[in-house]
$ cat my_file_29.tsv   # TSV, C-alpha atoms
chain	number	residue	atom	x	y	z
K	481	MET	CA	34.42	33.67	12.87
K	482	PRO	CA	34.71	36.42	15.57
K	483	ALA	CA	32.79	39.69	15.26
K	484	TRP	CA	34.84	42.73	14.17
K	485	ASN	CA	34.47	44.43	17.57
K	486	GLU	CA	36.06	41.50	19.40
K	487	HIS	CA	39.42	42.59	17.99
K	488	PRO	CA	39.93	46.36	18.38
K	489	ASN	CA	42.60	46.48	15.64
K	490	THR	CA	40.22	45.03	13.05
K	491	SER	CA	38.20	47.38	10.86
K	492	PRO	CA	34.43	46.95	10.72
K	493	PRO	CA	33.09	45.19	7.64
K	494	GLU	CA	32.62	47.35	4.55
K	495	PRO	CA	28.98	48.48	4.13
K	496	THR	CA	27.05	46.83	1.29
K	497	GLY	CA	24.02	47.68	-0.83
K	498	PRO	CA	23.05	50.72	-2.89
K	499	ARG	CA	24.53	53.99	-1.65
K	500	TYR	CA	22.44	56.95	-0.47
K	501	SER	CA	23.39	60.37	0.81
K	502	ALA	CA	21.42	61.78	3.71
K	503	ARG	CA	21.97	65.54	4.04
K	504	LEU	CA	20.92	67.14	7.31
K	505	ALA	CA	20.67	70.94	7.09
K	506	LEU	CA	20.96	72.73	10.44
K	507	SER	CA	20.84	76.33	11.54
K	508	CYS	CA	23.28	77.74	14.04
K	509	LYS	CA	21.99	79.47	17.15
K	510	ARG	CA	21.78	83.23	16.85
K	511	GLY	CA	25.21	84.81	17.19
K	512	HIS	CA	27.10	81.61	16.35
K	513	ALA	CA	28.91	81.12	13.08
K	514	PRO	CA	29.01	77.73	11.32
K	515	GLY	CA	32.75	77.54	11.98
K	516	GLN	CA	32.12	77.16	15.71
K	517	VAL	CA	29.67	74.32	15.14
K	518	LEU	CA	31.94	72.69	12.56
K	519	GLN	CA	34.72	72.68	15.13
K	520	ALA	CA	32.40	70.97	17.62
K	521	LEU	CA	31.54	68.39	14.94
K	522	GLN	CA	35.23	67.83	14.23
K	523	GLU	CA	35.88	67.23	17.93
K	524	LEU	CA	33.01	64.71	17.95
K	525	ARG	CA	34.03	63.02	14.70
K	526	SER	CA	35.06	59.66	16.17
K	527	VAL	CA	32.17	59.69	18.66
K	528	ILE	CA	29.72	60.33	15.79
K	529	ASP	CA	31.27	57.58	13.65
K	530	ASP	CA	31.26	55.07	16.51
K	531	ARG	CA	27.68	55.85	17.51
K	532	LEU	CA	26.34	55.73	13.93
K	533	ARG	CA	28.11	52.40	13.39
K	534	VAL	CA	26.42	51.04	16.52
K	535	ASP	CA	23.00	52.49	15.64
K	536	LEU	CA	23.05	51.68	11.91
K	537	GLY	CA	25.50	48.78	11.67
K	538	GLY	CA	26.44	47.95	8.08
K	539	ARG	CA	24.14	50.64	6.74
K	540	TYR	CA	26.53	53.44	7.83
K	541	ASP	CA	29.48	54.33	5.61
K	542	ARG	CA	30.80	57.79	6.63
K	543	HIS	CA	29.86	61.41	7.32
K	544	SER	CA	31.16	64.89	6.54
K	545	ALA	CA	30.14	68.45	7.42
K	546	GLN	CA	30.42	71.84	5.76
K	547	SER	CA	29.08	75.35	6.19
K	548	ALA	CA	26.18	76.43	4.00
K	549	GLY	CA	26.05	80.19	4.35
K	550	THR	CA	26.48	82.55	7.25
K	551	ASP	CA	24.30	80.68	9.74
K	552	LYS	CA	23.76	77.17	8.39
K	553	LEU	CA	25.66	73.95	7.97
K	554	VAL	CA	25.07	70.60	6.33
K	555	VAL	CA	26.05	67.20	7.69
K	556	THR	CA	26.09	64.50	5.02
K	557	CYS	CA	25.98	60.82	5.90
K	558	VAL	CA	26.64	58.18	3.28
K	559	LEU	CA	24.43	55.20	3.94
K	560	ARG	CA	23.84	51.79	2.38
K	561	ALA	CA	20.32	50.43	2.11
K	562	ALA	CA	18.56	47.65	0.25
K	563	THR	CA	15.50	49.80	-0.56
K	564	PRO	CA	14.62	53.51	-0.67
K	565	ALA	CA	12.31	52.96	2.32
K	566	ASP	CA	15.19	51.49	4.33
K	567	ALA	CA	17.36	54.46	3.30
K	568	ILE	CA	14.72	56.85	4.64
K	569	ARG	CA	14.49	54.93	7.93
K	570	SER	CA	18.28	54.87	8.28
K	571	ALA	CA	18.57	58.58	7.45
K	572	GLY	CA	15.99	59.42	10.10
K	573	MET	CA	17.88	57.37	12.68
K	574	ALA	CA	21.17	59.03	11.69
K	575	ALA	CA	19.58	62.50	11.94
K	576	GLY	CA	18.23	61.69	15.40
K	577	THR	CA	21.59	60.41	16.55
K	578	LEU	CA	23.36	63.53	15.25
K	579	ALA	CA	20.81	65.80	16.95
K	580	GLU	CA	21.28	63.94	20.23
K	581	LEU	CA	25.08	64.09	20.10
K	582	LEU	CA	25.12	67.77	19.17
K	583	THR	CA	22.64	68.61	21.93
K	584	ASP	CA	24.57	66.57	24.51
K	585	SER	CA	27.80	68.36	23.57
K	586	ALA	CA	26.10	71.79	23.80
K	587	ALA	CA	26.95	72.60	20.17
K	588	ALA	CA	25.34	75.87	19.09
K	589	VAL	CA	22.71	74.41	16.76
K	590	ASP	CA	19.05	75.37	16.51
K	591	LEU	CA	17.06	72.17	16.04
K	592	SER	CA	13.71	73.96	15.69
K	593	GLY	CA	14.01	73.77	11.90
K	594	VAL	CA	15.88	70.88	10.32
K	595	ALA	CA	15.80	69.65	6.72
K	596	LEU	CA	16.67	66.10	5.75
K	597	ILE	CA	17.29	65.25	2.10
K	598	ILE	CA	17.92	61.67	0.98
K	599	ARG	CA	19.24	60.87	-2.49
K	600	ALA	CA	20.35	57.72	-4.22
K	601	GLN	CA	23.91	57.96	-5.47
$ encode --input "my_file_29.tsv" --output "structure tokens"
Amino acid sequence: MPAWNEHPNTSPPEPTGPRYSARLALSCKRGHAPGQVLQALQELRSVIDDRLRVDLGGRYDRHSAQSAGTDKLVVTCVLRAATPADAIRSAGMAAGTLAELLTDSAAAVDLSGVALIIRAQ
């Protein structure tokens, strides 16, 4: 049976295993509102999805972003993992990937203080 990426019109396989949410809380750089960063995230949406699918494979389900006050935002990734330890590893990899993509795109985020919260759903 061919892999899903051999046929571009075929969706990737549905993730399996218990579901976890990994919430990454970020601060915006001084003078930048969350709306500006959310717009950058929206522009990167397909790039983020593609990269997380490559990095995490079947452990990645989807992501979303929202503002969390006047200078903060939260990116939530829904992950699948067999164990809590695997969920933590996957969440760390997803957070690193997001940080890299945001930095590469010059999004106005301050990565000097980041919070990562992982919860079973």
$ closest_residue --input "my_file_29.tsv" --among "K:Gln519, K:Thr577, K:Ser526, K:Thr556" --to "Ile598 in chain K" --atoms "all atoms listed in the file"
K:Thr556
$ residues_near_point --input "my_file_29.tsv" --point "(16.0, 76.3, 17.4)" --cutoff "10 Å" --atoms "only C-alpha atoms" --output "ChimeraX atom specification"
/K:506-510,588-594
$ atom_distance --input "my_file_29.tsv" --atom1 "CA of Ala586 in chain K" --atom2 "CA of Leu536 in chain K"
23.6 Å
$ closest_residue --input "my_file_29.tsv" --among "K:Ala600, K:Leu582, K:Ala587, K:Leu559" --to "Val527 in chain K" --atoms "all atoms listed in the file"
K:Leu582
$ closest_residue --input "my_file_29.tsv" --among "K:Leu578, K:Ala513, K:Gly572, K:Tyr500" --to "Asp530 in chain K" --atoms "only C-alpha atoms"
K:Leu578
$ residues_around --input "my_file_29.tsv" --residues "Asp529 in chain K" --least-positions-apart "2" --cutoff "10 Å" --atoms "all atoms listed in the file" --output "ChimeraX atom specification"
/K:524-527,531-535,540-543,557
$ closest_residue --input "my_file_29.tsv" --among "K:Arg569, K:Asp551, K:Gly497, K:Leu504" --to "Gly538 in chain K" --atoms "all atoms listed in the file"
K:Gly497
$ closest_residue --input "my_file_29.tsv" --among "K:Ala545, K:Ala502, K:Ala595, K:Leu553" --to "Ser570 in chain K" --atoms "all atoms listed in the file"
K:Ala502
$ residues_around --input "my_file_29.tsv" --residues "Ala548 in chain K" --least-positions-apart "5" --cutoff "9 Å" --atoms "all atoms listed in the file" --output "ChimeraX atom specification"
/K:505,514,553-554
$ atom_distance --input "my_file_29.tsv" --atom1 "CA of Ser585 in chain K" --atom2 "CA of Arg539 in chain K"
24.7 Å
$ atom_distance --input "my_file_29.tsv" --atom1 "CA of Gln601 in chain K" --atom2 "CA of Ala571 in chain K"
14.0 Å
$ closest_residue --input "my_file_29.tsv" --among "K:Glu523, K:Ala561, K:Thr550, K:Leu596" --to "Leu581 in chain K" --atoms "only C-alpha atoms"
K:Glu523
